[in-house]
Structure formats: C-alpha cells, structure tokens
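This is data.cif (mmCIF, N, CA and C atoms).
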```
data_protein
loop_
_atom_site.label_atom_id
_atom_site.label_comp_id
_atom_site.auth_asym_id
_atom_site.auth_seq_id
_atom_site.Cartn_x
_atom_site.Cartn_y
_atom_site.Cartn_z
N MET U 910 125.24 111.14 88.92
CA MET U 910 124.54 110.06 88.29
C MET U 910 125.44 108.82 88.19
N TYR U 911 126.72 109.01 87.92
CA TYR U 911 127.64 107.89 87.78
C TYR U 911 128.53 107.72 89.00
N GLY U 912 128.28 108.46 90.07
CA GLY U 912 129.05 108.32 91.29
C GLY U 912 130.38 109.05 91.28
N LYS U 913 130.57 110.00 90.37
CA LYS U 913 131.82 110.75 90.31
C LYS U 913 131.71 112.01 91.15
N ALA U 914 132.86 112.53 91.54
CA ALA U 914 132.89 113.82 92.23
C ALA U 914 132.50 114.91 91.24
N PHE U 915 132.15 116.08 91.74
CA PHE U 915 131.64 117.16 90.90
C PHE U 915 132.64 117.59 89.83
N VAL U 916 133.86 117.88 90.22
CA VAL U 916 134.84 118.42 89.26
C VAL U 916 135.18 117.42 88.15
N PRO U 917 135.49 116.16 88.47
CA PRO U 917 135.74 115.22 87.38
C PRO U 917 134.51 115.01 86.48
N ALA U 918 133.33 114.99 87.08
CA ALA U 918 132.11 114.83 86.29
C ALA U 918 131.91 116.02 85.36
N ALA U 919 132.18 117.22 85.86
CA ALA U 919 132.05 118.41 85.02
C ALA U 919 133.05 118.39 83.88
N LYS U 920 134.28 117.97 84.16
CA LYS U 920 135.30 117.88 83.10
C LYS U 920 134.91 116.85 82.05
N ASP U 921 134.42 115.70 82.50
CA ASP U 921 133.98 114.67 81.57
C ASP U 921 132.81 115.15 80.72
N THR U 922 131.89 115.87 81.33
CA THR U 922 130.74 116.39 80.61
C THR U 922 131.19 117.39 79.56
N TRP U 923 132.10 118.28 79.92
CA TRP U 923 132.57 119.29 78.96
C TRP U 923 133.32 118.62 77.81
N THR U 924 134.11 117.60 78.10
CA THR U 924 134.81 116.87 77.05
C THR U 924 133.81 116.19 76.11
N LEU U 925 132.79 115.57 76.68
CA LEU U 925 131.75 114.93 75.88
C LEU U 925 131.04 115.95 74.99
N ILE U 926 130.71 117.10 75.55
CA ILE U 926 130.01 118.14 74.80
C ILE U 926 130.87 118.66 73.66
N LYS U 927 132.15 118.89 73.91
CA LYS U 927 133.04 119.37 72.85
C LYS U 927 133.27 118.32 71.78
N ASP U 928 133.43 117.05 72.19
CA ASP U 928 133.65 115.98 71.21
C ASP U 928 132.44 115.80 70.30
N ARG U 929 131.25 115.98 70.83
CA ARG U 929 130.02 115.80 70.07
C ARG U 929 129.66 117.04 69.26
N GLY U 930 130.28 118.18 69.54
CA GLY U 930 129.96 119.40 68.82
C GLY U 930 128.78 120.15 69.39
N VAL U 931 128.33 119.76 70.59
CA VAL U 931 127.19 120.42 71.21
C VAL U 931 127.57 121.82 71.70
N ASP U 932 128.87 122.10 71.83
CA ASP U 932 129.29 123.42 72.28
C ASP U 932 128.82 124.51 71.32
N ALA U 933 128.74 124.21 70.02
CA ALA U 933 128.21 125.19 69.06
C ALA U 933 126.74 125.45 69.32
N LEU U 934 126.00 124.41 69.66
CA LEU U 934 124.59 124.56 69.98
C LEU U 934 124.41 125.38 71.24
N ILE U 935 125.26 125.13 72.24
CA ILE U 935 125.18 125.88 73.49
C ILE U 935 125.50 127.36 73.26
N ASN U 936 126.49 127.63 72.42
CA ASN U 936 126.84 129.02 72.11
C ASN U 936 125.70 129.76 71.44
N ASP U 937 124.90 129.05 70.66
CA ASP U 937 123.77 129.68 69.98
C ASP U 937 122.53 129.78 70.86
N CYS U 938 122.56 129.16 72.01
CA CYS U 938 121.40 129.16 72.90
C CYS U 938 121.24 130.53 73.55
N LEU U 939 120.07 131.08 73.41
CA LEU U 939 119.78 132.41 73.96
C LEU U 939 118.90 132.35 75.20
N ILE U 940 118.71 131.17 75.75
CA ILE U 940 117.76 131.03 76.85
C ILE U 940 118.15 131.86 78.07
N GLY U 941 119.44 131.93 78.37
CA GLY U 941 119.87 132.73 79.52
C GLY U 941 119.55 134.21 79.34
N ASN U 942 119.78 134.71 78.13
CA ASN U 942 119.46 136.12 77.86
C ASN U 942 117.97 136.38 77.94
N VAL U 943 117.18 135.46 77.41
CA VAL U 943 115.72 135.63 77.44
C VAL U 943 115.20 135.60 78.87
N LEU U 944 115.70 134.67 79.66
CA LEU U 944 115.26 134.58 81.06
C LEU U 944 115.67 135.81 81.85
N GLN U 945 116.88 136.30 81.61
CA GLN U 945 117.34 137.50 82.31
C GLN U 945 116.49 138.71 81.93
N MET U 946 116.17 138.84 80.65
CA MET U 946 115.32 139.95 80.21
C MET U 946 113.92 139.83 80.80
N GLY U 947 113.40 138.60 80.85
CA GLY U 947 112.08 138.38 81.47
C GLY U 947 112.09 138.76 82.94
N ALA U 948 113.15 138.39 83.64
CA ALA U 948 113.25 138.75 85.06
C ALA U 948 113.33 140.25 85.23
N PHE U 949 114.08 140.92 84.36
CA PHE U 949 114.20 142.38 84.44
C PHE U 949 112.85 143.04 84.18
N LEU U 950 112.14 142.58 83.16
CA LEU U 950 110.83 143.18 82.84
C LEU U 950 109.82 142.93 83.95
N CYS U 951 109.83 141.73 84.52
CA CYS U 951 108.94 141.43 85.64
C CYS U 951 109.24 142.34 86.82
N ALA U 952 110.51 142.51 87.12
CA ALA U 952 110.91 143.38 88.24
C ALA U 952 110.53 144.82 87.96
N ALA U 953 110.66 145.26 86.72
CA ALA U 953 110.29 146.64 86.38
C ALA U 953 108.78 146.86 86.55
N VAL U 954 107.99 145.87 86.16
CA VAL U 954 106.54 145.99 86.33
C VAL U 954 106.18 146.04 87.82
N VAL U 955 106.79 145.19 88.61
CA VAL U 955 106.51 145.19 90.05
C VAL U 955 106.95 146.51 90.68
N ALA U 956 108.10 147.04 90.27
CA ALA U 956 108.56 148.33 90.80
C ALA U 956 107.59 149.44 90.40
N LEU U 957 107.08 149.38 89.18
CA LEU U 957 106.09 150.38 88.74
C LEU U 957 104.81 150.28 89.58
N VAL U 958 104.36 149.07 89.85
CA VAL U 958 103.17 148.88 90.68
C VAL U 958 103.43 149.39 92.09
N ALA U 959 104.62 149.16 92.63
CA ALA U 959 104.97 149.67 93.96
C ALA U 959 104.95 151.20 93.97
N TRP U 960 105.49 151.80 92.92
CA TRP U 960 105.48 153.27 92.84
C TRP U 960 104.05 153.79 92.74
N LEU U 961 103.22 153.14 91.91
CA LEU U 961 101.82 153.56 91.80
C LEU U 961 101.10 153.43 93.15
N TYR U 962 101.35 152.36 93.86
CA TYR U 962 100.73 152.17 95.17
C TYR U 962 101.13 153.29 96.12
N ILE U 963 102.42 153.58 96.18
CA ILE U 963 102.92 154.63 97.08
C ILE U 963 102.35 155.99 96.67
N THR U 964 102.27 156.24 95.38
CA THR U 964 101.79 157.54 94.89
C THR U 964 100.29 157.71 95.11
N ILE U 965 99.54 156.67 94.85
CA ILE U 965 98.08 156.78 94.94
C ILE U 965 97.58 156.72 96.38
N THR U 966 98.10 155.81 97.19
CA THR U 966 97.58 155.65 98.55
C THR U 966 98.13 156.66 99.53
N LYS U 967 99.30 157.22 99.26
CA LYS U 967 99.95 158.20 100.14
C LYS U 967 99.91 157.75 101.61
N PRO U 968 100.61 156.65 101.94
CA PRO U 968 100.58 156.14 103.32
C PRO U 968 101.22 157.13 104.29
N GLU U 969 100.81 157.04 105.56
CA GLU U 969 101.31 157.96 106.59
C GLU U 969 102.81 157.86 106.79
N TYR U 970 103.34 156.66 106.70
CA TYR U 970 104.77 156.49 106.95
C TYR U 970 105.64 157.12 105.86
N ASN U 971 105.02 157.54 104.77
CA ASN U 971 105.79 158.10 103.66
C ASN U 971 105.31 159.50 103.30
N THR U 972 104.92 160.28 104.29
CA THR U 972 104.41 161.64 104.00
C THR U 972 105.51 162.53 103.42
N THR U 973 106.74 162.31 103.82
CA THR U 973 107.84 163.12 103.29
C THR U 973 108.42 162.54 101.99
N GLY U 974 108.04 161.32 101.66
CA GLY U 974 108.55 160.69 100.44
C GLY U 974 109.91 160.03 100.62
N SER U 975 110.37 159.94 101.85
CA SER U 975 111.71 159.39 102.08
C SER U 975 111.77 157.87 101.91
N TYR U 976 110.63 157.20 101.94
CA TYR U 976 110.61 155.74 101.78
C TYR U 976 110.28 155.30 100.36
N THR U 977 110.00 156.21 99.48
CA THR U 977 109.59 155.84 98.12
C THR U 977 110.70 155.06 97.40
N ALA U 978 111.89 155.58 97.36
CA ALA U 978 112.99 154.92 96.64
C ALA U 978 113.34 153.56 97.26
N PRO U 979 113.48 153.45 98.59
CA PRO U 979 113.79 152.13 99.15
C PRO U 979 112.70 151.09 98.88
N ILE U 980 111.46 151.51 98.91
CA ILE U 980 110.36 150.56 98.63
C ILE U 980 110.41 150.09 97.19
N ILE U 981 110.64 151.00 96.27
CA ILE U 981 110.70 150.64 94.85
C ILE U 981 111.91 149.74 94.58
N ILE U 982 113.05 150.06 95.17
CA ILE U 982 114.25 149.23 94.98
C ILE U 982 114.04 147.84 95.57
N ALA U 983 113.45 147.78 96.75
CA ALA U 983 113.19 146.48 97.38
C ALA U 983 112.21 145.67 96.54
N ALA U 984 111.18 146.30 96.02
CA ALA U 984 110.22 145.59 95.17
C ALA U 984 110.90 145.06 93.92
N PHE U 985 111.77 145.85 93.32
CA PHE U 985 112.49 145.43 92.11
C PHE U 985 113.38 144.23 92.40
N VAL U 986 114.17 144.32 93.46
CA VAL U 986 115.12 143.25 93.79
C VAL U 986 114.38 141.97 94.16
N LEU U 987 113.35 142.07 94.96
CA LEU U 987 112.59 140.88 95.36
C LEU U 987 111.90 140.23 94.17
N ALA U 988 111.29 141.03 93.30
CA ALA U 988 110.61 140.47 92.14
C ALA U 988 111.60 139.79 91.20
N MET U 989 112.73 140.42 90.98
CA MET U 989 113.72 139.83 90.09
C MET U 989 114.27 138.53 90.67
N SER U 990 114.51 138.52 91.95
CA SER U 990 115.03 137.30 92.61
C SER U 990 114.01 136.16 92.53
N MET U 991 112.76 136.45 92.83
CA MET U 991 111.74 135.40 92.79
C MET U 991 111.54 134.88 91.37
N PHE U 992 111.55 135.76 90.40
CA PHE U 992 111.38 135.35 89.01
C PHE U 992 112.54 134.47 88.57
N MET U 993 113.75 134.83 88.95
CA MET U 993 114.92 134.03 88.56
C MET U 993 114.90 132.65 89.22
N VAL U 994 114.42 132.56 90.45
CA VAL U 994 114.32 131.27 91.11
C VAL U 994 113.32 130.38 90.37
N LEU U 995 112.19 130.94 89.98
CA LEU U 995 111.19 130.17 89.26
C LEU U 995 111.69 129.71 87.90
N LEU U 996 112.44 130.56 87.21
CA LEU U 996 112.88 130.23 85.87
C LEU U 996 114.15 129.39 85.84
N LYS U 997 114.75 129.16 86.99
CA LYS U 997 115.95 128.32 87.02
C LYS U 997 115.64 126.91 86.54
N SER U 998 114.42 126.44 86.75
CA SER U 998 114.06 125.10 86.28
C SER U 998 114.07 125.05 84.75
N ILE U 999 113.67 126.11 84.09
CA ILE U 999 113.72 126.16 82.63
C ILE U 999 115.17 126.15 82.16
N ASP U 1000 116.00 126.93 82.80
CA ASP U 1000 117.42 126.98 82.45
C ASP U 1000 118.07 125.61 82.67
N SER U 1001 117.73 124.96 83.77
CA SER U 1001 118.28 123.63 84.06
C SER U 1001 117.80 122.61 83.04
N GLY U 1002 116.56 122.73 82.63
CA GLY U 1002 116.03 121.83 81.61
C GLY U 1002 116.75 121.96 80.29
N ALA U 1003 117.08 123.19 79.91
CA ALA U 1003 117.83 123.40 78.67
C ALA U 1003 119.23 122.80 78.78
N ALA U 1004 119.89 123.00 79.90
CA ALA U 1004 121.23 122.42 80.09
C ALA U 1004 121.17 120.90 80.08
N THR U 1005 120.16 120.34 80.70
CA THR U 1005 120.00 118.89 80.72
C THR U 1005 119.76 118.35 79.32
N THR U 1006 118.99 119.07 78.52
CA THR U 1006 118.75 118.65 77.15
C THR U 1006 120.05 118.59 76.37
N PHE U 1007 120.92 119.59 76.56
CA PHE U 1007 122.20 119.60 75.85
C PHE U 1007 123.07 118.41 76.25
N VAL U 1008 123.15 118.14 77.55
CA VAL U 1008 123.98 117.03 78.02
C VAL U 1008 123.41 115.70 77.53
N CYS U 1009 122.12 115.53 77.60
CA CYS U 1009 121.50 114.28 77.13
C CYS U 1009 121.67 114.12 75.62
N LEU U 1010 121.59 115.21 74.88
CA LEU U 1010 121.82 115.15 73.44
C LEU U 1010 123.24 114.73 73.14
N ALA U 1011 124.19 115.22 73.92
CA ALA U 1011 125.58 114.85 73.70
C ALA U 1011 125.84 113.40 74.09
N GLU U 1012 125.21 112.95 75.17
CA GLU U 1012 125.48 111.60 75.65
C GLU U 1012 124.74 110.52 74.87
N ASP U 1013 123.47 110.77 74.55
CA ASP U 1013 122.68 109.74 73.86
C ASP U 1013 121.70 110.38 72.89
N PRO U 1014 122.18 110.80 71.72
CA PRO U 1014 121.26 111.42 70.75
C PRO U 1014 120.22 110.45 70.22
N ASP U 1015 120.50 109.14 70.28
CA ASP U 1015 119.51 108.15 69.84
C ASP U 1015 118.24 108.24 70.66
N ALA U 1016 118.37 108.54 71.95
CA ALA U 1016 117.19 108.65 72.80
C ALA U 1016 116.30 109.79 72.34
N MET U 1017 116.89 110.90 71.94
CA MET U 1017 116.08 112.01 71.43
C MET U 1017 115.44 111.62 70.10
N ALA U 1018 116.17 110.90 69.28
CA ALA U 1018 115.62 110.46 67.99
C ALA U 1018 114.41 109.55 68.21
N ARG U 1019 114.46 108.71 69.23
CA ARG U 1019 113.34 107.81 69.52
C ARG U 1019 112.17 108.54 70.17
N ASN U 1020 112.46 109.38 71.15
CA ASN U 1020 111.41 109.96 71.98
C ASN U 1020 110.80 111.25 71.43
N ASN U 1021 111.59 112.00 70.68
CA ASN U 1021 111.08 113.26 70.15
C ASN U 1021 111.64 113.47 68.74
N PRO U 1022 111.12 112.74 67.75
CA PRO U 1022 111.69 112.79 66.41
C PRO U 1022 111.60 114.17 65.75
N GLN U 1023 110.58 114.96 66.10
CA GLN U 1023 110.47 116.30 65.50
C GLN U 1023 111.61 117.20 65.99
N LEU U 1024 111.87 117.20 67.28
CA LEU U 1024 112.96 118.00 67.82
C LEU U 1024 114.30 117.50 67.28
N PHE U 1025 114.45 116.18 67.20
CA PHE U 1025 115.68 115.63 66.67
C PHE U 1025 115.90 116.06 65.22
N ALA U 1026 114.83 116.08 64.43
CA ALA U 1026 114.95 116.50 63.02
C ALA U 1026 115.39 117.96 62.94
N MET U 1027 114.85 118.82 63.81
CA MET U 1027 115.25 120.23 63.81
C MET U 1027 116.72 120.38 64.21
N VAL U 1028 117.14 119.62 65.22
CA VAL U 1028 118.54 119.69 65.64
C VAL U 1028 119.44 119.19 64.51
N ARG U 1029 119.05 118.10 63.86
CA ARG U 1029 119.86 117.53 62.78
C ARG U 1029 119.97 118.48 61.61
N GLU U 1030 118.90 119.22 61.29
CA GLU U 1030 118.96 120.19 60.19
C GLU U 1030 119.86 121.36 60.53
N THR U 1031 119.75 121.85 61.75
CA THR U 1031 120.48 123.05 62.13
C THR U 1031 121.92 122.76 62.52
N TYR U 1032 122.15 121.68 63.23
CA TYR U 1032 123.48 121.33 63.74
C TYR U 1032 123.82 119.88 63.35
N PRO U 1033 124.14 119.63 62.09
CA PRO U 1033 124.40 118.25 61.68
C PRO U 1033 125.61 117.62 62.38
N GLN U 1034 126.59 118.43 62.81
CA GLN U 1034 127.77 117.88 63.47
C GLN U 1034 127.43 117.29 64.83
N VAL U 1035 126.34 117.73 65.42
CA VAL U 1035 125.96 117.24 66.75
C VAL U 1035 125.44 115.82 66.68
N VAL U 1036 124.76 115.48 65.61
CA VAL U 1036 124.12 114.16 65.52
C VAL U 1036 124.78 113.28 64.47
N ARG U 1037 126.05 113.54 64.19
CA ARG U 1037 126.72 112.72 63.18
C ARG U 1037 126.72 111.25 63.60
N GLY U 1038 126.44 110.41 62.65
CA GLY U 1038 126.41 108.98 62.92
C GLY U 1038 125.14 108.50 63.57
N VAL U 1039 124.18 109.36 63.78
CA VAL U 1039 122.93 108.97 64.41
C VAL U 1039 121.86 109.05 63.34
N HIS U 1040 121.13 107.99 63.15
CA HIS U 1040 120.06 107.97 62.16
C HIS U 1040 118.73 108.08 62.88
N ALA U 1041 117.80 108.75 62.25
CA ALA U 1041 116.49 108.89 62.85
C ALA U 1041 115.87 107.51 63.02
N VAL U 1042 115.23 107.32 64.13
CA VAL U 1042 114.63 106.04 64.44
C VAL U 1042 113.13 106.13 64.17
N GLU U 1043 112.64 105.14 63.47
CA GLU U 1043 111.21 105.11 63.18
C GLU U 1043 110.46 104.70 64.44
N ARG U 1044 109.33 105.32 64.68
CA ARG U 1044 108.50 104.94 65.82
C ARG U 1044 107.72 103.68 65.49
N PHE U 1045 107.55 102.85 66.48
CA PHE U 1045 106.84 101.60 66.26
C PHE U 1045 105.37 101.80 66.42
#
```

Could you write out this structure as structure tokens?
Amino acid sequence: MYGKAFVPAAKDTWTLIKDRGVDALINDCLIGNVLQMGAFLCAAVVALVAWLYITITKPEYNTTGSYTAPIIIAAFVLAMSMFMVLLKSIDSGAATTFVCLAEDPDAMARNNPQLFAMVRETYPQVVRGVHAVERF
C-alpha cells in the first residue's frame, strides 16, 4: 500500500500493532481456531457422505473394499482444502480489521461506532486517545 517491500512493511506493521496494544486483541482472537474447526467438521461430513455412498451403492470397482479408505481420505482432504480456501477471506478480513484499527482507530469510530464502542470497552489500551465521533 505504501510502496514498501514485504519484510520492512511487515516489521512496521508489527511495531504499529505492538505500540497500539492491538497484539492483546489479536491474542484473544479465536477466528483461526473457529475456522479450522469448521473446516474439520465440513471435511468429516463430506467423508461420512463418501463412506455412505460407497457403502450403499456398492460400485463394481470397489467389490473387495480396497478403495474405500482412499476415497474417504481423498474426500476428507479435498473438502478441508476447499473449505479453508473459501474461509481465507474471512481470516484476511479479521487481520485487516486489526491492522486498520491499529493504524487509524478514528476511521472505525466514524464508520462503525457500535463496533468501536465494543472494542473500547473490552480493550481500552487499543483506542487510547481516540474519542468516539458523533455521526452527522
């Protein structure tokens, strides 16, 4: 965004986040765990459906049952991978919110006063020196 190389930009971002106290907010963020659990549950459901399909339809290529495990494993891995790709946008949005909060908390106060009020109540060190802005 500012024309810096990746490593210096990442260092500057981390310094900004630590100076603002957003690192405490990031440590309390459970979004990664929730997304990982969602991906696991989605993959488990797809693997169960694959097993039910193999069990109920009894395809000719699997008369001995030698393909059951590879099909279920492949279904699990593919479902988990696709789910994680889809949810990466949610994870990126959460990270972007943290960086934007650290860089310009006034913008959050102007654009989303309810979210800003919740952040200010829970993490007052993050928004120190920032006053809620009245909407016009």

Exercise for the section: Measuring atom to atom with only C-alpha atoms, identify which of U:Val1035, U:Ala914, U:Met989, U:Ile999 is nearest to Gln945 (chain U). Expected result: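 Once distances to Gln945 (chain U) are computed over only C-alpha atoms, the minimum belongs to U:Met989.
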
Problem - Pick from U:Met991, U:Ile981, U:Val954, U:Ile926 nearest to Phe1007 (chain U), counting all atoms listed in the file - result: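 Counting all atoms listed in the file, the residue closest to Phe1007 (chain U) is U:Ile926.
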
Exercise for the section: Pick out the closest residue to Thr977 (chain U) from this set: U:Ile963, U:Val916, U:Ala1018, U:Ala948. Count all atoms listed in the file. Expected result: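 Ranked by minimum distance to Thr977 (chain U), first place goes to U:Ile963.
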
Fill in the blank from the handout: Between CA of Gly912 (chain U) and CA of Leu1010 (chain U) lies a distance of 20.4 Å

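The space between CA of Val958 (chain U) and CA of Ala984 (chain U) spans 9.0 Å.
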
Exercise for the section: Taking the chain letters and numbering used in this document, name the residues of chain U that DSSP puts in helix (DSSP H, G or I), as a count of residues only. Expected result: 105

Handout entry: Interatomic distance, CA of Ile982 (chain U) to CA of Val955 (chain U) (Å, one decimal)
Key =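 Computing the Euclidean distance for CA of Ile982 (chain U) and CA of Val955 (chain U) yields 10.0 Å.
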
Please determine an axis-aligned box that encloses all atoms of region 971-978 of chain U listed in the file, with 8 Å added on each side, and express its centre and edge lengths in Å to one decimal as AutoDock Vina command-line options.
```
--center_x 108.9 --center_y 158.3 --center_z 100.7 --size_x 24.9 --size_y 25.6 --size_z 24.1
```

Problem - Among the residues U:Asp1015, U:Glu969, U:Glu1030, U:Asp1000, the one that comes closest to Gly941 (chain U) [using only N, CA and C atoms] - result: U:Asp1000

Just want the 12 Å neighbourhood of Leu950 (chain U), counted on only C-alpha atoms, with same-chain residues fewer than 4 positions away dropped. Output as a PDB file with N, CA and C atoms, in the coordinates of the input.
```
ATOM      1  N   VAL U 943     117.180 135.460  77.410  1.00  0.00           N
ATOM      2  CA  VAL U 943     115.720 135.630  77.440  1.00  0.00           C
ATOM      3  C   VAL U 943     115.200 135.600  78.870  1.00  0.00           C
ATOM      4  N   LEU U 944     115.700 134.670  79.660  1.00  0.00           N
ATOM      5  CA  LEU U 944     115.260 134.580  81.060  1.00  0.00           C
ATOM      6  C   LEU U 944     115.670 135.810  81.850  1.00  0.00           C
ATOM      7  N   GLN U 945     116.880 136.300  81.610  1.00  0.00           N
ATOM      8  CA  GLN U 945     117.340 137.500  82.310  1.00  0.00           C
ATOM      9  C   GLN U 945     116.490 138.710  81.930  1.00  0.00           C
ATOM     10  N   MET U 946     116.170 138.840  80.650  1.00  0.00           N
ATOM     11  CA  MET U 946     115.320 139.950  80.210  1.00  0.00           C
ATOM     12  C   MET U 946     113.920 139.830  80.800  1.00  0.00           C
ATOM     13  N   VAL U 954     107.990 145.870  86.160  1.00  0.00           N
ATOM     14  CA  VAL U 954     106.540 145.990  86.330  1.00  0.00           C
ATOM     15  C   VAL U 954     106.180 146.040  87.820  1.00  0.00           C
ATOM     16  N   VAL U 955     106.790 145.190  88.610  1.00  0.00           N
ATOM     17  CA  VAL U 955     106.510 145.190  90.050  1.00  0.00           C
ATOM     18  C   VAL U 955     106.950 146.510  90.680  1.00  0.00           C
ATOM     19  N   ALA U 956     108.100 147.040  90.270  1.00  0.00           N
ATOM     20  CA  ALA U 956     108.560 148.330  90.800  1.00  0.00           C
ATOM     21  C   ALA U 956     107.590 149.440  90.400  1.00  0.00           C
ATOM     22  N   LEU U 957     107.080 149.380  89.180  1.00  0.00           N
ATOM     23  CA  LEU U 957     106.090 150.380  88.740  1.00  0.00           C
ATOM     24  C   LEU U 957     104.810 150.280  89.580  1.00  0.00           C
ATOM     25  N   PHE U 985     111.770 145.850  93.320  1.00  0.00           N
ATOM     26  CA  PHE U 985     112.490 145.430  92.110  1.00  0.00           C
ATOM     27  C   PHE U 985     113.380 144.230  92.400  1.00  0.00           C
ATOM     28  N   VAL U 986     114.170 144.320  93.460  1.00  0.00           N
ATOM     29  CA  VAL U 986     115.120 143.250  93.790  1.00  0.00           C
ATOM     30  C   VAL U 986     114.380 141.970  94.160  1.00  0.00           C
ATOM     31  N   ALA U 988     111.290 141.030  93.300  1.00  0.00           N
ATOM     32  CA  ALA U 988     110.610 140.470  92.140  1.00  0.00           C
ATOM     33  C   ALA U 988     111.600 139.790  91.200  1.00  0.00           C
ATOM     34  N   MET U 989     112.730 140.420  90.980  1.00  0.00           N
ATOM     35  CA  MET U 989     113.720 139.830  90.090  1.00  0.00           C
ATOM     36  C   MET U 989     114.270 138.530  90.670  1.00  0.00           C
ATOM     37  N   PHE U 992     111.550 135.760  90.400  1.00  0.00           N
ATOM     38  CA  PHE U 992     111.380 135.350  89.010  1.00  0.00           C
ATOM     39  C   PHE U 992     112.540 134.470  88.570  1.00  0.00           C
ATOM     40  N   MET U 993     113.750 134.830  88.950  1.00  0.00           N
ATOM     41  CA  MET U 993     114.920 134.030  88.560  1.00  0.00           C
ATOM     42  C   MET U 993     114.900 132.650  89.220  1.00  0.00           C
TER      43      MET U 993
END
```

Output: region 944-957 of chain U of the preceding structure, restricted to N, CA, C and O atoms, written as a tab-separated table (two decimals), in the first residue's frame.
```
chain	number	residue	atom	x	y	z
U	944	LEU	N	-12.32	-21.26	12.42
U	944	LEU	CA	-12.28	-21.64	11.01
U	944	LEU	C	-11.68	-23.02	10.81
U	944	LEU	O	-12.16	-23.81	9.99
U	945	GLN	N	-10.64	-23.34	11.58
U	945	GLN	CA	-10.04	-24.67	11.48
U	945	GLN	C	-11.02	-25.75	11.90
U	945	GLN	O	-11.12	-26.80	11.27
U	946	MET	N	-11.75	-25.51	12.98
U	946	MET	CA	-12.75	-26.48	13.44
U	946	MET	C	-13.87	-26.62	12.42
U	946	MET	O	-14.35	-27.73	12.16
U	947	GLY	N	-14.28	-25.50	11.83
U	947	GLY	CA	-15.31	-25.57	10.78
U	947	GLY	C	-14.84	-26.37	9.58
U	947	GLY	O	-15.59	-27.17	9.02
U	948	ALA	N	-13.59	-26.18	9.18
U	948	ALA	CA	-13.04	-26.94	8.06
U	948	ALA	C	-12.99	-28.42	8.40
U	948	ALA	O	-13.31	-29.28	7.57
U	949	PHE	N	-12.59	-28.74	9.63
U	949	PHE	CA	-12.52	-30.14	10.04
U	949	PHE	C	-13.91	-30.78	10.04
U	949	PHE	O	-14.09	-31.90	9.57
U	950	LEU	N	-14.90	-30.07	10.58
U	950	LEU	CA	-16.26	-30.62	10.62
U	950	LEU	C	-16.84	-30.78	9.22
U	950	LEU	O	-17.49	-31.79	8.93
U	951	CYS	N	-16.59	-29.82	8.35
U	951	CYS	CA	-17.05	-29.93	6.97
U	951	CYS	C	-16.41	-31.14	6.29
U	951	CYS	O	-17.10	-31.91	5.62
U	952	ALA	N	-15.13	-31.32	6.49
U	952	ALA	CA	-14.42	-32.46	5.89
U	952	ALA	C	-14.94	-33.77	6.46
U	952	ALA	O	-15.07	-34.75	5.73
U	953	ALA	N	-15.25	-33.80	7.75
U	953	ALA	CA	-15.77	-35.02	8.36
U	953	ALA	C	-17.15	-35.37	7.78
U	953	ALA	O	-17.44	-36.55	7.51
U	954	VAL	N	-17.97	-34.37	7.56
U	954	VAL	CA	-19.29	-34.62	6.97
U	954	VAL	C	-19.15	-35.14	5.55
U	954	VAL	O	-19.83	-36.10	5.15
U	955	VAL	N	-18.27	-34.54	4.78
U	955	VAL	CA	-18.06	-35.00	3.39
U	955	VAL	C	-17.49	-36.42	3.38
U	955	VAL	O	-17.90	-37.25	2.56
U	956	ALA	N	-16.58	-36.73	4.29
U	956	ALA	CA	-16.03	-38.08	4.37
U	956	ALA	C	-17.12	-39.08	4.75
U	956	ALA	O	-17.16	-40.20	4.22
U	957	LEU	N	-18.01	-38.68	5.66
U	957	LEU	CA	-19.13	-39.55	6.03
U	957	LEU	C	-20.05	-39.79	4.84
U	957	LEU	O	-20.48	-40.93	4.60
```
